[in-house]
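Notes follow the structure.
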Amino acid sequence: MASRAQAAEQGLLRGIPAARIRIIERIAAEARQRVAGTALDLRRRFLRAYYRGVGEEDLSQRTPQDLARMALRHLETGYQRPDGRPLVEVFNPQGSGFSSPHTVVTIVTDDMPFLVDSLGVAFSRAGIAIHLLVHPVLWVKRDARGRLLEVTDGPEDGARSESWQLFEIDRQVELAQLEVIRQNLESVLGDVKRAVEDWPAMRERVRDITVSLRSNPPPLPTEEIEEAHALLEWMEEKHFVFLGYRQYRLTRGKASDRLSSDPRSGLGILRPDNGKAARATSTILRGEVREHARARELLILTKANARATVHRGTYLDYVGVKTFGPRGEVTGEHRFLGLWSSTAYNSSPLDIPVLRKKVERVVNHFALDPASHDAKAVLHVLETYPRDELFQASVADLIRISRGVVNLYERRTVRLLARRDPYHRFYSCLIYVPRDRYNTEVRLAIEQIVQQGFDGTHVESQVQIADSNHARLHVVVRTDPNDRRTVDLQAIENSIAHATTTWSDRLRAILKGRQDEASALALVNRYRRVFPLAYEEDVDPADALEDIENLESLRTDSRGLRLKLYRPRQHRPGQLHLKLTKLGETLPISDLLPMLENFGLRVISERP
């Protein structure tokens, strides 16, 4: 029996670096601390399994004593766990037997997909940084009361896998905030559990719908039905992370329609939590939203209003499949919420149902020779188009925006191409700026401009800098769905152009306005990197022309000295500026002071 236990303990450390094993053995040697109900050999086995996946660089930053006591505190929390119930504890470690400058979160729950990344999203959304993460998957045996009996080195008879997670996060001072974090994490764990449990049922609903499209097709063009059928099959083949499903019924009225949920149909995150009664929800549809709901289109591909709490923290992808009555009228929809998988973003759109038809219709609209530059440019735009946008945008929008992108032709210009969500929840903007002008400050300025210009509530942005002269910023501006005001896109584009214009760009424009293009470009190329940032901050490009003239004159008179006494545009009363321009060494101010003081002047400051 002893040799079997020793072999099991050795198995817990199999396949990890020797340096880490040495640290873990020092931690296991600290297992003497008493944990109610646990034997010494269980504590040692637990510590070995607990830290086997943590890097040496993290383990070496803490003492073996603190690491052992921190893990044993976690063991004490998870020693007894009712079947299926997650345990979450959030605390500051004073009086816990170990020291840490951070708040500690411990979790024990059934092992499931998406746990680590979903909890990470929860902390990120709360603006809380993670300083240490320990997340072993332990194979354990428990008795009928949920008490921990054994930690095994694999799926032995009677053993089941549990996720034990420990986070060190930013210190939380207020006790009330600790409870808020705990409740939020329990809510996320509940969403993960419902999504994982109902995953097979949601895929089954997709299969039922695809069968129905073949056996009882709606009164729509055959090609549209076939593409929708192919997309649903492609989604079901693990190209879509199904998180929620619900069926809706559309009731028509004279001035408005009502879209009502069938509460009993909810699955995943749209299934009521345990113990909560299923309740129907209704939405009143008017205007354009009503027209879209009634439109004889089989699929709805868009974004939901809510962010995902499972897997990734982005807005949920919404795939709706409309249902139709005997006269061809829309009667409701099957609504799937989830996230497109990585293959949906990395595959060519020509290989994805529905997208391939969109691309084909856009390319055919331009009627270009496939071997021509413009045809290849249009296809490149669509191949590299933000994938979420390609799913959501109409063919008409894609034609308009693709034309605008191709017409840039590598010119050094700013371009704003925008599309409004049919449900008026957001604007999607593709913003192109010259690549050499793009930086973080420019991105922040653009986000502020578009948020103000579209009267948005908040923005999200992604940048792509490829092998071209432009950086592409994809900005989504969330807006009030009831806002129907007209937006001045040209004014917003002009503001972005101004924000991305450098001092050298303005100097170039002024020189081109006063000289022939060849002479202006020669001066720009000569002086664009000459003036330091301090000069550019103080001197308007228009005022720099005289300095450039002085510098040009010194090219033929290397021993010359140019003086200018003047009052700047923004000046204080009683102050003058004297500018000296020469080649070679700076004039010592000690040589100038007596001369200036003889004129009754007092020197305040100097800037070479």
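Residues are named by chain letter and number: chains run A, B, ... in the order of the structure tokens, numbers start at 1 in each chain, and ligands are numbered from 1 in the order shown.
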
- Query: Using only C-alpha atoms, which residues sit within 10 Å of Arg290 (chain A) once same-chain residues fewer than 2 positions away are excluded, as a ChimeraX atom specification?
  - Reply: /A:252,255-259,284-288,292-295,423

- Excluding Ile352 (chain A) and any residue of its chain fewer than 4 positions from it, enumerate the residues within 10 Å of it, using only C-alpha atoms, and give them as a ChimeraX atom specification. /A:227,230-231,234-235,343-344,347-348,356-357

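Among the candidates A:Pro86, A:Pro101, A:Gly456, A:Gly15, the one nearest to Val173 (chain A) when counting only C-alpha atoms is A:Pro101.
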
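Here the alpha helix (DSSP H) residues in region 78-168 of chain A, by DSSP on the backbone, are Gly78, Leu115, Val116, Asp117, Ser118, Leu119, Gly120, Val121, Ala122, Phe123, Ser124 and Arg125 of chain A.
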
Exercise: region 501-516 of chain A partners within 9 Å, only C-alpha atoms, chain neighbours under 6 positions left out, as a CSV table (one decimal) with all heavy atoms, in the first residue's frame:
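Saved the output as out_39.csv:
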chain,number,residue,atom,x,y,z
A,437,ARG,N,1.6,58.3,-39.8
A,437,ARG,CA,1.0,59.2,-38.8
A,437,ARG,C,0.4,58.5,-37.6
A,437,ARG,O,-0.1,59.1,-36.7
A,437,ARG,CB,0.0,60.1,-39.5
A,437,ARG,CG,0.5,61.0,-40.6
A,437,ARG,CD,-0.6,61.8,-41.2
A,437,ARG,NE,-0.3,62.5,-42.4
A,437,ARG,CZ,-1.2,63.1,-43.2
A,437,ARG,NH1,-2.4,63.2,-42.8
A,437,ARG,NH2,-0.8,63.7,-44.3
A,523,LEU,N,12.3,71.9,-50.2
A,523,LEU,CA,12.4,72.5,-48.9
A,523,LEU,C,11.8,71.6,-47.8
A,523,LEU,O,12.4,71.5,-46.7
A,523,LEU,CB,11.7,73.9,-48.8
A,523,LEU,CG,12.4,75.0,-49.7
A,523,LEU,CD1,11.5,76.2,-49.7
A,523,LEU,CD2,13.8,75.3,-49.1
A,524,VAL,N,10.7,71.0,-48.1
A,524,VAL,CA,10.1,70.1,-47.1
A,524,VAL,C,11.1,68.9,-46.8
A,524,VAL,O,11.3,68.6,-45.6
A,524,VAL,CB,8.8,69.5,-47.6
A,524,VAL,CG1,8.3,68.4,-46.7
A,524,VAL,CG2,7.7,70.6,-47.6
A,527,TYR,N,14.0,70.2,-44.6
A,527,TYR,CA,13.8,70.7,-43.2
A,527,TYR,C,12.8,69.9,-42.4
A,527,TYR,O,12.6,70.3,-41.2
A,527,TYR,CB,13.3,72.2,-43.3
A,527,TYR,CG,14.4,73.1,-43.8
A,527,TYR,CD1,14.4,73.6,-45.1
A,527,TYR,CD2,15.5,73.5,-43.0
A,527,TYR,CE1,15.4,74.4,-45.6
A,527,TYR,CE2,16.5,74.3,-43.4
A,527,TYR,CZ,16.5,74.8,-44.7
A,527,TYR,OH,17.5,75.6,-45.2
A,528,ARG,N,12.2,68.9,-42.9
A,528,ARG,CA,11.1,68.2,-42.1
A,528,ARG,C,11.6,67.6,-40.9
A,528,ARG,O,10.9,67.3,-39.9
A,528,ARG,CB,10.4,67.2,-43.0
A,528,ARG,CG,11.3,66.1,-43.5
A,528,ARG,CD,10.5,65.1,-44.4
A,528,ARG,NE,11.3,64.0,-44.9
A,528,ARG,CZ,10.8,63.1,-45.7
A,528,ARG,NH1,9.5,63.1,-46.0
A,528,ARG,NH2,11.6,62.1,-46.2
A,529,ARG,N,12.9,67.2,-40.8
A,529,ARG,CA,13.5,66.6,-39.6
A,529,ARG,C,14.5,67.5,-38.9
A,529,ARG,O,15.2,67.0,-38.0
A,529,ARG,CB,14.1,65.2,-40.0
A,529,ARG,CG,13.1,64.2,-40.4
A,529,ARG,CD,13.8,62.8,-40.6
A,529,ARG,NE,12.8,61.8,-40.9
A,529,ARG,CZ,12.5,61.5,-42.2
A,529,ARG,NH1,13.1,62.1,-43.2
A,529,ARG,NH2,11.7,60.5,-42.4
A,536,GLU,N,8.6,73.0,-32.8
A,536,GLU,CA,7.3,72.8,-33.4
A,536,GLU,C,6.2,73.1,-32.5
A,536,GLU,O,5.1,73.6,-32.9
A,536,GLU,CB,7.2,71.3,-33.9
A,536,GLU,CG,8.2,71.0,-35.0
A,536,GLU,CD,8.1,69.5,-35.5
A,536,GLU,OE1,7.2,68.8,-34.9
A,536,GLU,OE2,8.8,69.1,-36.4
A,537,GLU,N,6.4,72.9,-31.2
A,537,GLU,CA,5.3,73.2,-30.3
A,537,GLU,C,5.2,74.8,-30.1
A,537,GLU,O,4.1,75.2,-29.9
A,537,GLU,CB,5.6,72.6,-28.9
A,537,GLU,CG,5.5,71.1,-28.9
A,537,GLU,CD,6.0,70.5,-27.5
A,537,GLU,OE1,6.4,71.3,-26.7
A,537,GLU,OE2,5.9,69.3,-27.4
A,540,ASP,N,4.3,78.3,-35.1
A,540,ASP,CA,3.3,77.8,-36.1
A,540,ASP,C,4.1,77.6,-37.5
A,540,ASP,O,5.0,78.4,-37.8
A,540,ASP,CB,2.3,78.9,-36.3
A,540,ASP,CG,1.1,78.5,-37.2
A,540,ASP,OD1,0.2,77.9,-36.7
A,540,ASP,OD2,1.2,78.7,-38.4
A,541,PRO,N,3.7,76.6,-38.3
A,541,PRO,CA,4.4,76.4,-39.5
A,541,PRO,C,4.4,77.7,-40.4
A,541,PRO,O,5.4,77.9,-41.1
A,541,PRO,CB,3.5,75.3,-40.2
A,541,PRO,CG,2.9,74.6,-39.1
A,541,PRO,CD,2.7,75.6,-38.0
A,542,ALA,N,3.4,78.5,-40.4
A,542,ALA,CA,3.4,79.7,-41.2
A,542,ALA,C,4.5,80.6,-40.7
A,542,ALA,O,5.2,81.4,-41.5
A,542,ALA,CB,2.1,80.4,-41.1
A,544,ALA,N,7.3,79.7,-39.5
A,544,ALA,CA,8.6,79.1,-39.7
A,544,ALA,C,9.2,79.4,-41.1
A,544,ALA,O,10.4,79.2,-41.3
A,544,ALA,CB,8.5,77.5,-39.6
A,545,LEU,N,8.4,80.0,-42.0
A,545,LEU,CA,8.8,80.3,-43.3
A,545,LEU,C,10.0,81.2,-43.3
A,545,LEU,O,11.0,81.1,-44.0
A,545,LEU,CB,7.7,80.8,-44.2
A,545,LEU,CG,6.5,79.8,-44.4
A,545,LEU,CD1,5.5,80.5,-45.4
A,545,LEU,CD2,7.0,78.5,-45.0
